[in-house]
file query.txt (compact mmCIF, C-alpha atoms)
# COMPACT_ATOMS: atom_id res chain seq x y z
CA MET A 358 83.51 112.85 99.03
CA THR A 359 86.17 111.95 101.61
CA PRO A 360 88.14 108.73 102.23
CA GLN A 361 85.67 107.96 105.03
CA ASP A 362 82.91 107.70 102.39
CA ILE A 363 84.61 104.84 100.54
CA PRO A 364 82.31 101.77 100.32
CA PRO A 365 83.57 99.21 102.87
CA GLY A 366 85.52 96.40 101.24
CA ALA A 367 86.07 98.23 97.96
CA VAL A 368 89.02 97.82 95.63
CA LEU A 369 90.82 101.16 95.84
CA VAL A 370 93.07 102.24 92.96
CA ALA A 371 95.38 105.25 93.10
CA VAL A 372 95.42 107.22 89.83
CA ASP A 373 97.64 110.08 88.71
CA GLY A 374 97.60 110.04 84.91
CA SER A 375 100.79 107.99 84.55
CA ASP A 376 101.17 104.85 82.45
CA HIS A 377 101.96 102.89 85.62
CA ALA A 378 98.70 104.03 87.20
CA ALA A 379 96.81 103.13 84.03
CA ARG A 380 98.03 99.55 84.30
CA ALA A 381 97.00 99.55 87.96
CA VAL A 382 93.47 100.66 86.95
CA THR A 383 93.09 97.73 84.53
CA TRP A 384 94.47 95.31 87.11
CA GLY A 385 92.26 96.68 89.89
CA ALA A 386 89.14 96.68 87.70
CA ARG A 387 89.75 93.05 86.83
CA HIS A 388 90.03 92.13 90.50
CA ALA A 389 86.92 94.16 91.40
CA HIS A 390 84.97 92.37 88.66
CA LEU A 391 86.01 88.90 89.82
CA SER A 392 85.45 89.65 93.53
CA HIS A 393 82.14 91.50 92.96
CA ARG A 394 83.36 94.60 94.78
CA ALA A 395 83.01 98.29 94.13
CA LEU A 396 85.94 99.97 92.40
CA VAL A 397 87.13 103.29 93.81
CA LEU A 398 89.43 105.52 91.75
CA MET A 399 91.22 107.97 94.00
CA HIS A 400 93.33 110.91 92.87
CA ALA A 401 95.26 112.53 95.71
CA THR A 402 96.92 115.84 94.91
CA GLY A 403 99.18 117.87 97.08
CA ILE A 404 102.82 118.40 97.91
CA GLY A 405 104.32 115.70 100.07
CA GLU A 406 105.51 116.47 103.57
CA PRO A 407 106.91 114.55 106.56
CA LEU A 408 104.18 112.23 107.84
CA GLU A 409 103.26 111.27 111.38
CA PHE A 410 102.58 107.56 111.62
CA PRO A 411 101.28 106.88 115.15
CA PRO A 412 102.37 103.21 115.25
CA LEU A 413 105.98 104.29 114.94
CA GLY A 414 105.63 107.16 117.39
CA VAL A 415 107.89 109.40 115.32
CA SER A 416 107.60 111.80 112.43
CA VAL A 417 109.19 110.26 109.35
CA THR A 418 109.54 110.96 105.67
CA ASP A 419 109.66 107.54 104.03
CA TYR A 420 110.93 108.91 100.74
CA PRO A 421 111.35 112.41 99.33
CA PRO A 422 108.01 114.17 98.75
CA THR A 423 106.72 114.70 95.23
CA ALA A 424 105.64 118.00 93.76
CA GLU A 425 102.30 118.88 92.19
CA ASP A 426 102.03 118.95 88.41
CA PRO A 427 100.58 122.38 87.48
CA ASP A 428 99.59 121.16 83.99
CA ARG A 429 97.52 118.22 85.21
CA ASP A 430 93.72 118.33 84.95
CA ASP A 431 92.45 116.41 88.00
CA GLY A 432 88.99 115.86 86.52
CA LEU A 433 90.41 114.57 83.26
CA VAL A 434 92.75 112.19 85.09
CA LEU A 435 89.78 110.54 86.81
CA GLU A 436 87.65 110.55 83.67
CA VAL A 437 90.32 108.79 81.63
CA ALA A 438 90.88 106.30 84.44
CA GLU A 439 87.16 105.46 84.60
CA GLU A 440 87.00 104.99 80.84
CA ARG A 441 89.86 102.52 81.09
CA ALA A 442 88.22 100.70 84.01
CA ARG A 443 84.95 100.40 82.08
CA THR A 444 86.65 98.29 79.42
CA VAL A 445 86.92 95.60 82.11
CA LEU A 446 84.17 96.49 84.58
CA ALA A 447 81.33 97.39 82.24
CA ASP A 448 78.42 97.19 84.69
CA GLY A 449 80.08 97.29 88.11
CA ALA A 450 80.02 100.15 90.58
CA ILE A 451 82.79 102.70 90.06
CA VAL A 452 83.32 105.61 92.44
CA ARG A 453 85.83 108.33 91.71
CA PHE A 454 87.01 111.25 93.77
CA SER A 455 89.89 113.63 94.25
CA VAL A 456 91.33 114.69 97.58
CA ARG A 457 93.67 117.58 98.28
CA ASP A 458 96.28 115.96 100.49
CA ASP A 459 99.66 114.26 100.48
CA PRO A 460 99.02 111.08 98.40
CA ARG A 461 100.73 108.86 100.98
CA ARG A 462 98.65 110.13 103.88
CA ALA A 463 95.41 110.10 101.87
CA LEU A 464 95.89 106.54 100.66
CA VAL A 465 96.95 105.19 104.06
CA THR A 466 93.84 106.79 105.60
CA ALA A 467 91.58 105.39 102.87
CA SER A 468 93.10 101.91 103.20
CA ALA A 469 91.24 101.38 106.47
CA ARG A 470 88.01 100.88 104.48
CA ALA A 471 89.38 99.01 101.47
CA GLU A 472 89.74 95.28 100.80
CA LEU A 473 92.71 95.92 98.55
CA LEU A 474 94.68 99.02 97.57
CA VAL A 475 96.19 98.99 94.08
CA LEU A 476 99.00 101.26 92.87
CA GLY A 477 101.37 101.54 89.96
CA SER A 478 105.04 100.96 90.72
CA ARG A 479 105.88 104.55 89.83
CA GLY A 480 103.95 107.77 89.36
CA ARG A 481 104.32 111.20 87.76
CA GLY A 482 106.24 112.83 90.59
CA VAL A 483 109.67 114.41 90.25
CA PHE A 484 111.19 111.27 91.76
CA GLY A 485 109.48 108.96 89.26
CA SER A 486 112.83 107.66 88.03
CA LEU A 487 113.32 105.69 91.24
CA VAL A 488 113.03 101.91 90.93
CA LEU A 489 110.06 101.98 93.28
CA GLY A 490 107.92 105.11 93.52
CA SER A 491 107.87 107.07 96.78
CA VAL A 492 104.10 106.78 97.19
CA SER A 493 103.99 103.05 96.43
CA ALA A 494 106.80 102.28 98.85
CA ALA A 495 105.39 104.37 101.70
CA VAL A 496 101.81 103.12 101.31
CA ALA A 497 102.90 99.47 101.13
CA ARG A 498 104.70 99.94 104.46
CA HIS A 499 101.84 101.61 106.34
CA ALA A 500 98.46 100.69 104.80
CA ASP A 501 95.83 98.89 106.87
CA CYS A 502 94.79 96.60 104.01
CA PRO A 503 96.78 94.52 101.52
CA VAL A 504 98.55 96.63 98.89
CA ALA A 505 99.14 95.51 95.30
CA VAL A 506 101.99 97.25 93.48
CA VAL A 507 101.41 96.49 89.81
CA ARG A 508 104.23 95.79 87.39
CA GLY A 509 104.48 94.17 83.98
CA TYR A 510 100.71 93.99 83.50
CA ASP A 511 99.59 95.01 80.03
CA GLU A 512 96.95 92.43 79.23
CA VAL A 513 93.89 91.67 81.37
CA ASP A 514 94.31 87.89 81.17
CA SER A 515 98.08 87.74 81.66
CA LEU A 516 98.01 86.46 85.28
CA THR A 517 99.45 82.93 85.39
CA ARG A 518 100.27 82.02 89.00
CA VAL A 519 100.47 83.23 92.60
CA VAL A 520 103.81 82.89 94.42
CA VAL A 521 103.57 83.41 98.19
CA GLY A 522 106.59 83.75 100.46
CA VAL A 523 106.22 82.38 104.00
CA ASP A 524 108.45 82.20 107.07
CA ALA A 525 106.84 79.13 108.72
CA THR A 526 105.27 81.16 111.53
CA ALA A 527 101.58 81.29 112.44
CA GLU A 528 101.46 84.92 111.32
CA SER A 529 102.37 83.84 107.79
CA ARG A 530 99.00 82.13 107.47
CA ARG A 531 97.31 85.46 106.83
CA ALA A 532 99.45 86.01 103.75
CA VAL A 533 98.82 82.42 102.64
CA GLU A 534 95.06 82.82 103.10
CA HIS A 535 95.10 85.98 101.01
CA ALA A 536 97.14 84.19 98.34
CA TYR A 537 94.66 81.29 98.21
CA ARG A 538 91.65 83.63 97.93
CA PHE A 539 93.36 85.58 95.18
CA ALA A 540 94.38 82.43 93.30
CA SER A 541 90.85 81.05 93.52
CA LEU A 542 89.31 84.28 92.19
CA HIS A 543 91.71 84.43 89.27
CA ARG A 544 91.70 80.64 88.68
CA VAL A 545 95.46 80.17 88.82
CA PRO A 546 97.72 77.78 90.79
CA ILE A 547 99.77 78.78 93.82
CA LEU A 548 103.41 78.20 94.71
CA VAL A 549 104.21 78.39 98.45
CA VAL A 550 107.88 79.26 98.92
CA HIS A 551 109.86 79.19 102.15
CA CYS A 552 113.41 80.58 102.03
CA TYR A 553 116.10 79.61 104.50
CA TRP A 554 119.77 80.42 104.80
CA ASP A 555 122.10 77.46 104.36
CA VAL A 556 125.67 78.59 103.74
CA VAL A 557 126.94 75.12 102.82
CA GLY A 558 124.13 74.54 100.35
CA ILE A 559 124.50 77.94 98.74
CA LEU A 560 128.29 77.58 98.35
CA ALA A 561 127.65 74.20 96.75
CA GLY A 562 125.56 75.93 94.14
CA GLY A 563 122.21 74.43 95.10
CA SER A 564 118.96 76.33 95.50
CA GLY A 565 116.54 73.59 96.52
CA ALA A 566 116.53 71.67 99.78
CA PRO A 567 118.32 68.29 99.60
CA ALA A 568 116.14 65.25 100.25
CA ASP A 569 118.29 64.06 103.18
CA ASP A 570 118.35 67.39 105.04
CA PRO A 571 116.48 66.78 108.35
CA GLY A 572 116.25 70.50 109.05
CA ALA A 573 114.65 71.13 105.68
CA THR A 574 112.26 68.24 106.23
CA GLN A 575 111.06 69.77 109.49
CA LEU A 576 110.68 73.17 107.84
CA GLU A 577 108.56 71.66 105.10
CA VAL A 578 106.31 70.07 107.74
CA GLU A 579 105.88 73.48 109.41
CA VAL A 580 105.15 75.18 106.09
CA ARG A 581 102.56 72.55 105.18
CA GLU A 582 100.86 73.14 108.52
CA LEU A 583 100.24 76.73 107.35
CA ILE A 584 98.08 75.53 104.48
CA VAL A 585 96.10 72.89 106.38
CA GLY A 586 92.42 73.27 105.54
CA LEU A 587 92.95 75.78 102.75
CA GLY A 588 92.85 73.03 100.15
CA GLU A 589 89.35 72.18 101.37
CA ASP A 590 88.28 75.83 101.42
CA TYR A 591 89.65 76.38 97.93
CA PRO A 592 89.49 73.00 96.16
CA ASP A 593 89.95 74.70 92.79
CA VAL A 594 93.45 75.91 93.68
CA GLN A 595 96.39 73.67 92.83
CA ALA A 596 99.18 74.28 95.37
CA ARG A 597 102.81 73.27 95.56
CA VAL A 598 105.24 73.81 98.46
CA VAL A 599 108.96 74.36 97.85
CA LEU A 600 111.94 75.23 100.06
CA ARG A 601 114.76 77.33 98.66
CA HIS A 602 118.17 78.42 99.91
CA GLY A 603 118.87 82.13 99.90
CA LEU A 604 117.51 85.56 100.68
CA VAL A 605 113.76 86.01 100.37
CA ASP A 606 113.79 88.89 97.89
CA THR A 607 116.29 87.15 95.61
CA VAL A 608 114.52 83.79 95.68
CA LEU A 609 111.02 85.18 95.13
CA ALA A 610 112.18 87.49 92.35
CA GLU A 611 113.96 84.62 90.59
CA ASN A 612 111.04 82.19 90.98
CA ALA A 613 108.36 84.61 89.77
CA LEU A 614 107.60 85.11 86.09
CA LEU A 615 106.24 88.33 84.60
CA GLY A 616 102.70 86.92 84.65
CA ASP A 617 102.91 85.94 88.31
CA VAL A 618 101.73 87.77 91.41
CA ILE A 619 104.01 87.62 94.46
CA VAL A 620 102.39 87.74 97.91
CA VAL A 621 104.45 88.62 101.00
CA GLY A 622 103.52 89.48 104.57
CA ARG A 623 104.33 92.55 106.61
CA HIS A 624 104.47 92.49 110.39
CA GLU A 625 102.61 95.26 112.15
CA ALA A 626 104.30 97.98 114.19
CA GLY A 627 105.29 96.85 117.64
CA SER A 628 105.93 93.20 116.77
CA ALA A 629 109.33 91.68 117.45
CA ALA A 630 109.85 90.92 113.74
CA GLN A 631 108.57 94.29 112.53
CA PHE A 632 111.79 95.79 111.21
CA LEU A 633 113.08 92.60 109.56
CA ALA A 634 109.74 91.77 107.92
CA ARG A 635 109.27 95.33 106.74
CA SER A 636 112.68 95.34 105.11
CA VAL A 637 111.95 91.99 103.46
CA SER A 638 108.67 93.18 101.92
CA THR A 639 110.35 96.39 100.73
CA ALA A 640 113.24 94.43 99.22
CA VAL A 641 110.83 92.15 97.36
CA LEU A 642 108.96 95.20 96.02
CA GLU A 643 112.18 96.71 94.75
CA ARG A 644 113.58 93.55 93.13
CA ALA A 645 110.50 91.89 91.65
CA ARG A 646 109.63 92.37 87.99
CA SER A 647 106.06 91.20 88.52
CA THR A 648 103.17 92.47 90.63
CA VAL A 649 103.61 92.23 94.41
CA ILE A 650 100.88 92.16 97.08
CA VAL A 651 101.99 93.13 100.60
CA VAL A 652 99.67 91.76 103.30
CA PRO A 653 99.76 93.30 106.81
CA PHE A 654 99.73 90.37 109.20
CA GLY A 655 97.51 92.33 111.60
CA THR A 656 94.90 93.26 108.99
CA LYS A 657 91.27 92.29 109.42
CA GLY A 658 89.53 90.41 106.64
CA HIS A 659 86.63 92.12 104.82

call {"tool": "encode", "arguments": {"input": "query.txt", "output": "structure tokens"}}
result
Amino acid sequence: MTPQDIPPGAVLVAVDGSDHAARAVTWGARHAHLSHRALVLMHATGIGEPLEFPPLGVSVTDYPPTAEDPDRDDGLVLEVAEERARTVLADGAIVRFSVRDDPRRALVTASARAELLVLGSRGRGVFGSLVLGSVSAAVARHADCPVAVVRGYDEVDSLTRVVVGVDATAESRRAVEHAYRFASLHRVPILVVHCYWDVVGILAGGSGAPADDPGATQLEVEVRELIVGLGEDYPDVQARVVLRHGLVDTVLAENALLGDVIVVGRHEAGSAAQFLARSVSTAVLERARSTVIVVPFGTKGH
């Protein structure tokens, strides 16, 4: 089996035998069960190397490559992962396969056919002590579908809320739409957060927007325009909009609890906001204690 054989719209989970990947399997199986999608367990083995990402037009190594583990049994890794998934997805379709390739390249290629790609925050590689694993960081930056980097998820029913960060642009609606769909599936409320930089307000020690701030009032109007119609599409989702002073990664990390899922957008290569948005999503991934879903703004819905 190759990545091209992945069932379209599947939930794809990267496995490597680590505890972080095990949590990702449980999380991904839960999402596959609720969304009635096939679950694909993918184990990519191989020594990392500099990758060519066509959208950037250059050869880059996002993070240092990881080495193969000579003591790892690839078949056993997938078998254990499926056994774990079956505790949540008893009767659903589960596909498992191993590919001999750099994990980053294999997962980015496979993401073109997936509805969601799920990874642990760190893996078994020699650089596993990093705050954010090399594979997770690279895949979140380049995947074609939304990427969930799972943290702090030990119990199946621990999800409590979705927190989505927006920048009041039309492109942000894609992240908001994904957040609403996810919140509806998991039957949790949603908090829509827009961060803006107000030096006076921050020095004064405030984090919320003052009621008499005309600029903040206009921003709130623009943010609310992003969610127009979504309340009708997802009447079961309770939503609240808030404006906060400060940097996006700091604000989202401080407003999210361990049981929350943070959703942020990522501009596609070639857009004017590409480099800023990419750094924001990476910063959120590195700072957050809870699970983060990175949504490419140019992605197509499945």

call {"tool": "closest_residue", "arguments": {"input": "query.txt", "among": "A:Val652, A:Thr607, A:Arg479, A:Val598", "to": "Ala532 (chain A)", "atoms": "all atoms listed in the file"}}
result
A:Val652

call {"tool": "closest_residue", "arguments": {"input": "query.txt", "among": "A:Ile547, A:Ile619, A:Ala371, A:Val641", "to": "Arg597 (chain A)", "atoms": "all atoms listed in the file"}}
result
A:Ile547

call {"tool": "residues_around", "arguments": {"input": "query.txt", "residues": "Leu391 (chain A)", "least_positions_apart": "5", "cutoff": "9 Å", "atoms": "all atoms listed in the file", "output": "list in words"}}
result
Ala386, Leu542 and His543 of chain A

call {"tool": "atom_distance", "arguments": {"input": "query.txt", "atom1": "CA of Val649 (chain A)", "atom2": "CA of Gly432 (chain A)"}}
result
28.9 Å

call {"tool": "closest_residue", "arguments": {"input": "query.txt", "among": "A:Pro360, A:Gly449, A:Pro546, A:Pro653", "to": "Pro592 (chain A)", "atoms": "all atoms listed in the file"}}
result
A:Pro546

call {"tool": "closest_residue", "arguments": {"input": "query.txt", "among": "A:Thr526, A:Thr383, A:Thr359, A:Ser493", "to": "Asp458 (chain A)", "atoms": "all atoms listed in the file"}}
result
A:Thr359

call {"tool": "closest_residue", "arguments": {"input": "query.txt", "among": "A:His535, A:Arg581, A:Arg644, A:Arg544", "to": "Asp593 (chain A)", "atoms": "all atoms listed in the file"}}
result
A:Arg544

call {"tool": "residues_near_point", "arguments": {"input": "query.txt", "point": "(98.8, 100.5, 87.1)", "cutoff": "6 Å", "atoms": "all atoms listed in the file", "output": "list in words"}}
result
His377, Ala378, Ala379, Arg380, Ala381, Val382, Leu476, Gly477 and Val507 of chain A

call {"tool": "atom_distance", "arguments": {"input": "query.txt", "atom1": "CA of Val549 (chain A)", "atom2": "CA of Leu396 (chain A)"}}
result
28.9 Å

call {"tool": "closest_residue", "arguments": {"input": "query.txt", "among": "A:Val504, A:Val437, A:Val618, A:Val445", "to": "Arg387 (chain A)", "atoms": "only C-alpha atoms"}}
result
A:Val445

call {"tool": "atom_distance", "arguments": {"input": "query.txt", "atom1": "CA of Ala467 (chain A)", "atom2": "CA of Val637 (chain A)"}}
result
24.4 Å

call {"tool": "residues_around", "arguments": {"input": "query.txt", "residues": "Ala536 (chain A)", "least_positions_apart": "3", "cutoff": "9 Å", "atoms": "all atoms listed in the file", "output": "ChimeraX atom specification"}}
result
/A:519-521,531-533,539-541,547,619-621,650

call {"tool": "residues_around", "arguments": {"input": "query.txt", "residues": "Ser455 (chain A)", "least_positions_apart": "6", "cutoff": "6 Å", "atoms": "all atoms listed in the file", "output": "PyMOL selection string"}}
result
chain A and resi 399-401

call {"tool": "residues_near_point", "arguments": {"input": "query.txt", "point": "(110.3, 86.9, 89.4)", "cutoff": "8 Å", "atoms": "all atoms listed in the file", "output": "list in words"}}
result
Leu609, Ala610, Glu611, Asn612, Ala613, Leu614, Leu615, Asp617, Ala645, Arg646 and Ser647 of chain A
